[in-house]
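Novice: Quick one: structure below, then a few questions.
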Number of protein chains: 2
Amino acid sequence: MTSPVNINRRSIGVNFTETGEAEVLLWAPLCNKACIRLLDSNRMHALQKQEYGYWHLRTDQLRPGDVYSFVLDEKEELPDPASLSQPEGVHGPSRAIALHDFQWTDQEWKNPLLEDYIFYEVHVGTFSDRGTFRALEKKLPYLKSLGINAIEIMPVAQFPGERNWGYDGVFPFAVQQSYGGAKDLQHLVNACHNHDIAVVLDVVYNHFGPEGNYMSKFAPYFTDKYKTPWGDAVNFDDAWCDGVRQYFIENVLMWFRDFHIDALRLDAVHAIKDFSPMHILREIREHVNQLIHERWKMHYLIVELDLNDTRYIDHPERGGYGMDAQWIDEFHHALRVTSGEGQNGYYSDFDGIRHLAKSYRDAYVYDGIYSPHRQKKFGVKADEHPGFQFIVFSQNHDQVGNRMSGERTSQLASFEMQKMLAGAMLVSPYLPLLFMGEEYGETNPFLYFVSHSDPELVENVRKGRKAEFAAFHLQGEAPDPQAEETFRQSKLQWELLEQDQNKILFSFYQSLIALRKELPALRHLNRKQLDVSWNEDTNTLQLH
Amino acid sequence: MTSPVNINRRSIGVNFTETGEAEVLLWAPLCNKACIRLLDSNRMHALQKQEYGYWHLRTDQLRPGDVYSFVLDEKEELPDPASLSQPEGVHGPSRAIALHDFQWTDQEWKNPLLEDYIFYEVHVGTFSDRGTFRALEKKLPYLKSLGINAIEIMPVAQFPGERNWGYDGVFPFAVQQSYGGAKDLQHLVNACHNHDIAVVLDVVYNHFGPEGNYMSKFAPYFTDKYKTPWGDAVNFDDAWCDGVRQYFIENVLMWFRDFHIDALRLDAVHAIKDFSPMHILREIREHVNQLIHERWKMHYLIVELDLNDTRYIDHPERGGYGMDAQWIDEFHHALRVTSGEGQNGYYSDFDGIRHLAKSYRDAYVYDGIYSPHRQKKFGVKADEHPGFQFIVFSQNHDQVGNRMSGERTSQLASFEMQKMLAGAMLVSPYLPLLFMGEEYGETNPFLYFVSHSDPELVENVRKGRKAEFAAFHLQGEAPDPQAEETFRQSKLQWELLEQDQNKILFSFYQSLIALRKELPALRHLNRKQLDVSWNEDTNTLQLH
């Protein structure tokens, strides 16, 4: 290793020793001078160059809560790429935090077996009126009563402005200020554990957001070897990749070790381009295994994957990357077409009940057969993989929010069909994931929203959004992503739970979840004992 | 499979049935009409559209030897992408050939075990005055007397003009006209086998040459997902990749089945970008295994690889691509620095005797350690891989020809050092490869030469060549790649063999090769029984 990762403590950014001194470590291999500016005292301290482009300082002049920035080559003053806090947003200075000060009371907590997980996906900003971790915490008794045992939090890495799905984050180590920051996230995780609820965090390692991304000023974090939907790829295998790899490995370890996160959901790992002999996901796996071994706390690695490629979830001995589980969108697509939705865009590859049956049986619908939408053969067979390696849903933030008008299922399907969809997911031999509000039939949309400050970028986002819907041949206009109203419209309306039909749906979900936990046939995700038969004329399907 | 590859016969291009009819199959998925024009009769025949973008015709109007072209959408008239012959060069029409007409007399031939291979790399154009397969054939008794048992022929796919290393080929199925074409290659292979010499063919699947590349007119053979030194990458995993994959699989099978080639050397496979669940190399492996199984003839797949990544040579059960062996340039680099060459360019990563010792022991010098030249950790350990999975050399076409003045070792090292280098290679626990002429100390250079017809391209090649040498900080001017003189200067001077010192060197190689074949310690490539010690002060190294 060029700069060995210490499993037990974060080494990059600003961290505090047991005696209260600050350890500063910055990776900036191509600059000739690096300083830290302490904004309170307006003092500059030079960092000492180390091997492999790292710069170091140990000082007692920097205390938790202090605000600082880095100055490169006496020119550019920038926030810390490994900042834990951005009190003034993505363009402002960073603030030092002593992550270890938090008083945890979750010593008794034990992460459930992955096969027992029932996920509930949450967007912090729209889950409550206030849109904070603290407000979310208040709903834990409710979530507990629903029966789910894991909340999956959409990305919380600091993003530009106060409204964002989270995938525009530019400080992977800093917890979004408007959600309450690092301490409030620790507080939330602690509270979840005390409610017997696990916490899954969605993290984005395949790109950085378009605003406030200063990474390239520090080091070659990107490479033009590969093209991604977001431009140049994150540099996982080109010259200087070691520092980039360490950066993300440290990020994974921080969430598990310092925030007690139980599982990570790694966003769109198919967009992580890495031809190294050891794929970054496998290197992450090895480090997480070390952490598990040292701390005796279980942690899971779950990936969003659009590849139907078992190498991601295969054991490293078989050449796999060793991820614990992956999302399967194909179950969703087959299910939605079965429920009557039009075969537009990527739905065009799915014919309904026959493909749904295939997904129940084989997980992947496209397992080596030709995909007309992708215009190539797609996928491999996943026969030997247990059901708990696959996560299914009848809706999620993407499937709802990527519709032009962000309609949830409640706006697209009859009440009976909503129940049907819930049942289809909860009796599957895979891990179910609910999207916040679906359990009571939330009627508000979940729209795409941002709060960038760069007008040109705002315009581009608006345009891009329109272009996206061209594929679906939709009429009408997409709501303005930048408008605060678009964000506000997307909030859950908890008062709906006072209405009869919403109550009924909630009880239905409650009962199904309870059944899944109790009935051995539903609880044990044994795909080999599952028989699937279907009838295309009656559009029915039997599992036994 | 979208269009299943038939192991027993070529399906794309023009092929002849047993009854003499022509089967025409063209892949052109995005066009609306495809015709074949027979130039002798000036007749057009429409092809019938099939599934997955293939166009088909069966006709008795087209005979072996006939010249034809394809006409797409009644506009573009183009040569066949799977052409077997380009009598008028890369821009002209194609000629049909009945590959099965050749009368083979090599029924007794048995491909040696890979571990017994001693390679001799040949560039057809400069090996002899005439620069043809027939002229090469005349030298087989000489090569036999040297003791090598495999010639490795630099690429013969039709390239622009008459002078080229072969890496600018644009018709992977057509044998270079100026070398003698398909029939003469078959004749050569037959003669080699009758001299107990195996034939390895260098094939290029990572790019097409810059002139005469009409592939994109037919189908999406390229993708901008990846950047390569040659621009857009060959499309192995993007939309429409199936037809591209089939194209190259068919190419592999043709050489083995229809030309009796014993092994392929796949050029620079690190530049083949493929994130599919099944890497194209592994898919090639599976098809070749089928062919071996059906025909009971052994064939090897050898790769040039600049990655130090065992996944290429690992067994598919371990997640590998199943290639039989790979080149290791690092042995060469360490050896040349040990011999006193300057540590410029990529030599800068090699410190001489210590790295040479490491390569003798571990094959890869960079096996996970930090490479200053690449600015990242590089490689993995290859402890469990037998010696015959690695091919070493003290010079080769690239290492000679990529020098600005193309000096062979004879011009760079003393006579004693030339013998030392030969010995270093031939006592290694890896498979040795000689570059034509090194066995008698050829003094002519092996320069970089082309014979493009596009003046702009010629100018760009000249410029590119100059830029390349900037890295080596060389003085002087590179010879003009386009000049015929540059090509002629690179030819072997067989008359040198009449001179005493050249004769001595030849005898030395002869004896060393004989020793390698006879001495069990040299013959059995057991790396585990090899001990390496070295002394940096005396620059000596002991193998025992």
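Starting from 1 in every chain, residues are counted up; chains themselves are A, B, ... following the order of the structure tokens, and ligands are numbered from 1 as listed.
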Need to verify the contact set: Ala34 in chain A, 7 Å, only C-alpha atoms, exclusion of same-chain residues closer than 4 positions in sequence. Can you return it as a list in words?
Specialist: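 Contacts, with the query itself left out: Ala46, Leu47, Phe70, Val71, Leu72 and Asp73 of chain A.
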Novice: Keeping only all heavy atoms, write the selected residues to a file as a JSON list (two decimals), in the first residue's frame.
Specialist:
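File again_12.json, as written:
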```
[["chain", "number", "residue", "atom", "x", "y", "z"],
["A", 46, "ALA", "N", 2.05, 25.69, 7.38],
["A", 46, "ALA", "CA", 2.51, 24.88, 6.24],
["A", 46, "ALA", "C", 2.43, 23.40, 6.60],
["A", 46, "ALA", "O", 2.71, 23.00, 7.73],
["A", 46, "ALA", "CB", 3.93, 25.25, 5.87],
["A", 47, "LEU", "N", 2.04, 22.60, 5.62],
["A", 47, "LEU", "CA", 2.05, 21.14, 5.80],
["A", 47, "LEU", "C", 3.37, 20.59, 5.27],
["A", 47, "LEU", "O", 3.99, 21.18, 4.39],
["A", 47, "LEU", "CB", 0.88, 20.50, 5.06],
["A", 47, "LEU", "CG", -0.48, 20.50, 5.78],
["A", 47, "LEU", "CD1", -0.98, 21.90, 6.06],
["A", 47, "LEU", "CD2", -1.52, 19.73, 4.96],
["A", 70, "PHE", "N", -7.71, 24.86, 2.91],
["A", 70, "PHE", "CA", -6.36, 24.56, 2.44],
["A", 70, "PHE", "C", -5.96, 25.58, 1.39],
["A", 70, "PHE", "O", -6.79, 26.04, 0.59],
["A", 70, "PHE", "CB", -6.29, 23.15, 1.85],
["A", 70, "PHE", "CG", -6.33, 22.07, 2.89],
["A", 70, "PHE", "CD1", -7.33, 21.10, 2.87],
["A", 70, "PHE", "CD2", -5.37, 22.01, 3.90],
["A", 70, "PHE", "CE1", -7.37, 20.09, 3.83],
["A", 70, "PHE", "CE2", -5.40, 21.00, 4.86],
["A", 70, "PHE", "CZ", -6.41, 20.05, 4.83],
["A", 71, "VAL", "N", -4.68, 25.90, 1.38],
["A", 71, "VAL", "CA", -4.15, 26.80, 0.37],
["A", 71, "VAL", "C", -3.05, 26.06, -0.39],
["A", 71, "VAL", "O", -2.08, 25.60, 0.19],
["A", 71, "VAL", "CB", -3.59, 28.09, 1.01],
["A", 71, "VAL", "CG1", -3.04, 29.02, -0.07],
["A", 71, "VAL", "CG2", -4.66, 28.79, 1.83],
["A", 72, "LEU", "N", -3.27, 25.92, -1.70],
["A", 72, "LEU", "CA", -2.32, 25.17, -2.54],
["A", 72, "LEU", "C", -1.42, 26.12, -3.30],
["A", 72, "LEU", "O", -1.91, 27.07, -3.94],
["A", 72, "LEU", "CB", -3.08, 24.29, -3.54],
["A", 72, "LEU", "CG", -4.02, 23.24, -2.97],
["A", 72, "LEU", "CD1", -4.60, 22.40, -4.12],
["A", 72, "LEU", "CD2", -3.31, 22.33, -1.96],
["A", 73, "ASP", "N", -0.13, 25.88, -3.23],
["A", 73, "ASP", "CA", 0.84, 26.67, -4.00],
["A", 73, "ASP", "C", 0.62, 28.17, -3.84],
["A", 73, "ASP", "O", 0.81, 28.94, -4.79],
["A", 73, "ASP", "CB", 0.77, 26.28, -5.49],
["A", 73, "ASP", "CG", 1.33, 24.88, -5.71],
["A", 73, "ASP", "OD1", 2.21, 24.47, -4.94],
["A", 73, "ASP", "OD2", 0.86, 24.19, -6.63]]
```
Novice: Would you list which chain B residues are within 10 Å of chain A using only C-alpha atoms, as a ChimeraX atom specification?
Specialist: /B:1-2,52,224-229,237-243,270,273-278,307-312,314,316-320,368-380
Novice: Have a look at CA of Asn206 in chain A and CA of Val156 in chain A and let me know their distance in Å, one decimal.
Specialist: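 Taking CA of Asn206 in chain A as the start and CA of Val156 in chain A as the end point, the length is 15.2 Å.
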Novice: If we count only C-alpha atoms and set the cut-off at 7 Å, which residues sit around Glu304 in chain A, ignoring sequence neighbours fewer than 5 positions away in its own chain? Please answer as a ChimeraX atom specification.
Specialist: /A:265-269,326-327
Novice: Extract the full set of strand (DSSP E or B) residues from range 12-79 of chain A according to DSSP on the backbone, and format it as a VMD selection string.
Specialist: chain A and resid 13 to 16 22 to 27 34 to 38 43 to 46 48 to 49 54 to 59 67 to 72 76 to 78
Novice: Need the shell around His287 in chain B: protein/DNA/RNA residues with any atom at most 12 Å away, counting only C-alpha atoms. Skip same-chain ones fewer than 4 positions apart. Format as a PyMOL selection string?
Specialist: chain B and resi 4-8+245-246+248-254+256-257+280-283+291-294+299+301+322
Novice: Mind checking which residues fall within 6 Å of range 437-454 of chain A, counting only C-alpha atoms, ignoring those fewer than 6 positions away in the same chain, and posting them as a list in words?
Specialist: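 Counting only the stated atoms, we get Pro160, Gly161, Arg163, Asn164, Gly401, Gly406, Glu407, Arg408, Ser410, Pro481, Gln482, Phe487, Ser490, Asn502, Leu505, Phe506 and Tyr509 of chain A.
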Novice: Would you mind telling me which residue in A:Ala325, A:Ala363, A:Ile12, A:Met154 lies nearest to Gln389 in chain A when using only C-alpha atoms?
Specialist: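 Looking only at the distances to Gln389 in chain A, the closest residue turns out to be A:Ala325.
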Novice: Considering only C-alpha atoms, return as a PDB file with N, CA, C and O atoms, in the first residue's frame whatever protein or nucleic-acid residues lie within 12 Å of Thr59 in chain B, sequence-local ones (same chain, fewer than 5 positions apart) excluded.
Specialist:
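Output file part.pdb follows:
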```
ATOM      1  N   VAL B  14     -18.098 -14.216 -47.586  1.00  0.00           N
ATOM      2  CA  VAL B  14     -18.495 -15.113 -48.670  1.00  0.00           C
ATOM      3  C   VAL B  14     -17.809 -16.447 -48.461  1.00  0.00           C
ATOM      4  O   VAL B  14     -16.584 -16.514 -48.315  1.00  0.00           O
ATOM      5  N   ASN B  15     -18.616 -17.498 -48.407  1.00  0.00           N
ATOM      6  CA  ASN B  15     -18.079 -18.847 -48.226  1.00  0.00           C
ATOM      7  C   ASN B  15     -18.780 -19.776 -49.205  1.00  0.00           C
ATOM      8  O   ASN B  15     -19.881 -19.481 -49.669  1.00  0.00           O
ATOM      9  N   PHE B  16     -18.132 -20.894 -49.481  1.00  0.00           N
ATOM     10  CA  PHE B  16     -18.685 -21.798 -50.488  1.00  0.00           C
ATOM     11  C   PHE B  16     -19.128 -23.114 -49.867  1.00  0.00           C
ATOM     12  O   PHE B  16     -18.434 -23.668 -49.011  1.00  0.00           O
ATOM     13  N   THR B  17     -20.306 -23.551 -50.301  1.00  0.00           N
ATOM     14  CA  THR B  17     -20.830 -24.826 -49.803  1.00  0.00           C
ATOM     15  C   THR B  17     -20.137 -25.969 -50.543  1.00  0.00           C
ATOM     16  O   THR B  17     -19.393 -25.752 -51.505  1.00  0.00           O
ATOM     17  N   THR B  19     -21.435 -27.974 -52.499  1.00  0.00           N
ATOM     18  CA  THR B  19     -21.910 -28.046 -53.882  1.00  0.00           C
ATOM     19  C   THR B  19     -21.451 -26.846 -54.709  1.00  0.00           C
ATOM     20  O   THR B  19     -21.859 -26.694 -55.858  1.00  0.00           O
ATOM     21  N   GLY B  20     -20.635 -25.993 -54.115  1.00  0.00           N
ATOM     22  CA  GLY B  20     -20.047 -24.900 -54.882  1.00  0.00           C
ATOM     23  C   GLY B  20     -20.849 -23.619 -54.895  1.00  0.00           C
ATOM     24  O   GLY B  20     -20.468 -22.641 -55.535  1.00  0.00           O
ATOM     25  N   GLU B  21     -21.961 -23.619 -54.210  1.00  0.00           N
ATOM     26  CA  GLU B  21     -22.723 -22.367 -54.133  1.00  0.00           C
ATOM     27  C   GLU B  21     -22.067 -21.416 -53.146  1.00  0.00           C
ATOM     28  O   GLU B  21     -21.407 -21.844 -52.179  1.00  0.00           O
ATOM     29  N   ALA B  22     -22.278 -20.117 -53.385  1.00  0.00           N
ATOM     30  CA  ALA B  22     -21.748 -19.117 -52.461  1.00  0.00           C
ATOM     31  C   ALA B  22     -22.801 -18.787 -51.408  1.00  0.00           C
ATOM     32  O   ALA B  22     -23.969 -18.579 -51.738  1.00  0.00           O
ATOM     33  N   GLU B  23     -22.360 -18.777 -50.156  1.00  0.00           N
ATOM     34  CA  GLU B  23     -23.195 -18.298 -49.049  1.00  0.00           C
ATOM     35  C   GLU B  23     -22.645 -16.926 -48.667  1.00  0.00           C
ATOM     36  O   GLU B  23     -21.484 -16.807 -48.285  1.00  0.00           O
ATOM     37  N   VAL B  24     -23.492 -15.921 -48.780  1.00  0.00           N
ATOM     38  CA  VAL B  24     -23.056 -14.562 -48.458  1.00  0.00           C
ATOM     39  C   VAL B  24     -23.747 -14.137 -47.167  1.00  0.00           C
ATOM     40  O   VAL B  24     -24.976 -14.247 -47.062  1.00  0.00           O
ATOM     41  N   LEU B  25     -22.980 -13.690 -46.183  1.00  0.00           N
ATOM     42  CA  LEU B  25     -23.585 -13.208 -44.941  1.00  0.00           C
ATOM     43  C   LEU B  25     -22.883 -11.921 -44.530  1.00  0.00           C
ATOM     44  O   LEU B  25     -21.662 -11.886 -44.335  1.00  0.00           O
ATOM     45  N   ILE B  36     -25.061  -7.161 -53.044  1.00  0.00           N
ATOM     46  CA  ILE B  36     -23.702  -7.517 -53.424  1.00  0.00           C
ATOM     47  C   ILE B  36     -23.573  -7.220 -54.918  1.00  0.00           C
ATOM     48  O   ILE B  36     -24.473  -7.517 -55.706  1.00  0.00           O
ATOM     49  N   LEU B  38     -21.373  -8.021 -58.222  1.00  0.00           N
ATOM     50  CA  LEU B  38     -20.354  -8.893 -58.793  1.00  0.00           C
ATOM     51  C   LEU B  38     -19.680  -8.118 -59.902  1.00  0.00           C
ATOM     52  O   LEU B  38     -20.324  -7.770 -60.907  1.00  0.00           O
ATOM     53  N   MET B  44     -25.951  -6.891 -59.774  1.00  0.00           N
ATOM     54  CA  MET B  44     -26.254  -6.636 -58.357  1.00  0.00           C
ATOM     55  C   MET B  44     -27.244  -7.683 -57.881  1.00  0.00           C
ATOM     56  O   MET B  44     -28.209  -7.988 -58.586  1.00  0.00           O
ATOM     57  N   HIS B  45     -27.019  -8.187 -56.685  1.00  0.00           N
ATOM     58  CA  HIS B  45     -27.978  -9.112 -56.083  1.00  0.00           C
ATOM     59  C   HIS B  45     -28.349  -8.575 -54.707  1.00  0.00           C
ATOM     60  O   HIS B  45     -27.455  -8.234 -53.911  1.00  0.00           O
ATOM     61  N   ALA B  46     -29.629  -8.516 -54.437  1.00  0.00           N
ATOM     62  CA  ALA B  46     -30.060  -8.034 -53.116  1.00  0.00           C
ATOM     63  C   ALA B  46     -29.903  -9.152 -52.087  1.00  0.00           C
ATOM     64  O   ALA B  46     -30.149 -10.320 -52.382  1.00  0.00           O
ATOM     65  N   LEU B  47     -29.487  -8.771 -50.879  1.00  0.00           N
ATOM     66  CA  LEU B  47     -29.412  -9.722 -49.768  1.00  0.00           C
ATOM     67  C   LEU B  47     -30.712  -9.655 -48.975  1.00  0.00           C
ATOM     68  O   LEU B  47     -31.390  -8.621 -48.963  1.00  0.00           O
ATOM     69  N   GLN B  48     -31.054 -10.752 -48.349  1.00  0.00           N
ATOM     70  CA  GLN B  48     -32.276 -10.810 -47.551  1.00  0.00           C
ATOM     71  C   GLN B  48     -31.952 -10.520 -46.095  1.00  0.00           C
ATOM     72  O   GLN B  48     -31.016 -11.094 -45.537  1.00  0.00           O
TER      73      GLN B  48
END
```
Novice: List the neighbours of Ala521 in chain B out to 12 Å using only C-alpha atoms; skip same-chain residues closer than 3 positions along the sequence, and give me the result as a VMD selection string.
Specialist: chain B and resid 426 to 429 515 to 518 524 to 530 543 to 544
Novice: Could you write out, as JSON, numbers by chain, all the residues of range 355-445 of chain A that DSSP marks as helix (DSSP H, G or I)?
Specialist: {"A": [355, 356, 357, 358, 359, 360, 361, 362, 387, 388, 389, 397, 398, 399, 400, 401, 409, 410, 411, 415, 416, 417, 418, 419, 420, 421, 422, 423, 424, 425, 426, 438, 439, 440]}
Novice: Can you write just those residues out, N, CA and C atoms, as a compact mmCIF listing (two decimals), in the first residue's frame?
Specialist:
```txt
# COMPACT_ATOMS: atom_id res chain seq x y z
N HIS A 355 -42.15 -12.49 -17.79
CA HIS A 355 -40.88 -11.99 -17.26
C HIS A 355 -40.91 -11.87 -15.74
N LEU A 356 -42.07 -11.54 -15.21
CA LEU A 356 -42.16 -11.48 -13.75
C LEU A 356 -41.91 -12.87 -13.16
N ALA A 357 -42.51 -13.87 -13.78
CA ALA A 357 -42.29 -15.25 -13.32
C ALA A 357 -40.80 -15.59 -13.41
N LYS A 358 -40.18 -15.15 -14.49
CA LYS A 358 -38.75 -15.44 -14.66
C LYS A 358 -37.93 -14.78 -13.55
N SER A 359 -38.31 -13.57 -13.20
CA SER A 359 -37.56 -12.87 -12.15
C SER A 359 -37.76 -13.53 -10.79
N TYR A 360 -38.99 -14.00 -10.53
CA TYR A 360 -39.21 -14.75 -9.27
C TYR A 360 -38.30 -15.97 -9.21
N ARG A 361 -38.13 -16.61 -10.37
CA ARG A 361 -37.40 -17.88 -10.37
C ARG A 361 -35.90 -17.65 -10.51
N ASP A 362 -35.51 -16.72 -11.43
CA ASP A 362 -34.10 -16.61 -11.81
C ASP A 362 -33.44 -15.30 -11.38
N GLY A 387 -31.48 -16.09 -2.36
CA GLY A 387 -32.42 -15.00 -2.53
C GLY A 387 -32.02 -13.72 -1.82
N PHE A 388 -31.33 -13.84 -0.69
CA PHE A 388 -31.02 -12.62 0.06
C PHE A 388 -29.89 -11.81 -0.59
N GLN A 389 -29.39 -12.26 -1.74
CA GLN A 389 -28.42 -11.42 -2.46
C GLN A 389 -29.11 -10.44 -3.42
N HIS A 397 -37.04 5.51 -5.16
CA HIS A 397 -36.89 6.94 -5.47
C HIS A 397 -36.69 7.16 -6.97
N ASP A 398 -35.90 6.27 -7.60
CA ASP A 398 -35.58 6.42 -9.02
C ASP A 398 -36.79 6.15 -9.89
N GLN A 399 -37.47 5.07 -9.61
CA GLN A 399 -38.57 4.65 -10.47
C GLN A 399 -39.73 5.63 -10.38
N VAL A 400 -39.88 6.24 -9.20
CA VAL A 400 -40.92 7.26 -9.05
C VAL A 400 -40.40 8.59 -9.62
N GLY A 401 -39.23 8.99 -9.12
CA GLY A 401 -38.75 10.34 -9.41
C GLY A 401 -38.27 10.53 -10.83
N THR A 409 -46.94 5.17 -7.04
CA THR A 409 -47.87 4.13 -7.48
C THR A 409 -49.32 4.52 -7.19
N SER A 410 -49.51 5.21 -6.09
CA SER A 410 -50.88 5.57 -5.70
C SER A 410 -51.59 6.38 -6.78
N GLN A 411 -50.83 7.08 -7.61
CA GLN A 411 -51.41 7.90 -8.66
C GLN A 411 -51.52 7.17 -9.99
N PHE A 415 -56.42 1.04 -6.05
CA PHE A 415 -56.15 0.64 -4.68
C PHE A 415 -55.84 -0.86 -4.60
N GLU A 416 -56.65 -1.63 -5.33
CA GLU A 416 -56.42 -3.09 -5.31
C GLU A 416 -55.06 -3.43 -5.90
N MET A 417 -54.70 -2.70 -6.97
CA MET A 417 -53.40 -2.98 -7.59
C MET A 417 -52.25 -2.59 -6.66
N GLN A 418 -52.45 -1.53 -5.89
CA GLN A 418 -51.40 -1.15 -4.92
C GLN A 418 -51.16 -2.28 -3.94
N LYS A 419 -52.24 -2.90 -3.52
CA LYS A 419 -52.10 -4.02 -2.57
C LYS A 419 -51.43 -5.21 -3.26
N MET A 420 -51.82 -5.40 -4.50
CA MET A 420 -51.23 -6.49 -5.28
C MET A 420 -49.72 -6.32 -5.40
N LEU A 421 -49.31 -5.09 -5.71
CA LEU A 421 -47.88 -4.81 -5.88
C LEU A 421 -47.12 -5.03 -4.58
N ALA A 422 -47.73 -4.60 -3.48
CA ALA A 422 -47.10 -4.80 -2.18
C ALA A 422 -46.92 -6.29 -1.92
N GLY A 423 -47.97 -7.04 -2.22
CA GLY A 423 -47.91 -8.48 -1.99
C GLY A 423 -46.86 -9.13 -2.87
N ALA A 424 -46.83 -8.73 -4.13
CA ALA A 424 -45.87 -9.32 -5.08
C ALA A 424 -44.44 -9.18 -4.57
N MET A 425 -44.16 -8.03 -4.02
CA MET A 425 -42.81 -7.80 -3.50
C MET A 425 -42.56 -8.57 -2.21
N LEU A 426 -43.56 -8.55 -1.32
CA LEU A 426 -43.30 -9.10 0.03
C LEU A 426 -43.35 -10.63 0.09
N GLU A 438 -45.11 4.67 0.58
CA GLU A 438 -45.90 3.73 -0.20
C GLU A 438 -46.82 2.90 0.70
N GLU A 439 -46.40 2.77 1.97
CA GLU A 439 -47.15 1.90 2.90
C GLU A 439 -48.52 2.48 3.26
N TYR A 440 -48.73 3.76 3.00
CA TYR A 440 -50.07 4.32 3.25
C TYR A 440 -50.61 5.00 2.00
```
Novice: What does the structure give for the distance between CA of Asp262 in chain B and CA of Ile391 in chain B, in Å to one decimal?
Specialist: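 Computing it gives 16.0 Å between the two atoms.
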Novice: From the set B:Tyr179, B:Trp104, B:Phe222, B:Phe171, which residue has the shortest atom-to-atom contact distance to Val244 in chain B, counting only C-alpha atoms?
Specialist: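 Result for the nearest residue to Val244 in chain B: B:Phe222.
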Novice: Have a look at CA of Gly169 in chain A and CA of Val234 in chain A and let me know their distance in Å, one decimal.
Specialist: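 Here the two named atoms are 13.8 Å from each other.
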Novice: Select, from B:Trp230, B:Tyr300, B:Phe208, B:Phe102, the residue with the minimum atom-to-atom distance to Phe259 in chain B, counting only C-alpha atoms.
Specialist: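 Closest residue, counting only C-alpha atoms: B:Phe102.
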Novice: Kindly indicate which residue among A:Pro81, A:Pro29, A:Gly231, A:Ile148 lies nearest to Leu512 in chain A, using only C-alpha atoms for the distances.
Specialist: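 For Leu512 in chain A, the nearest of the given residues is A:Ile148.
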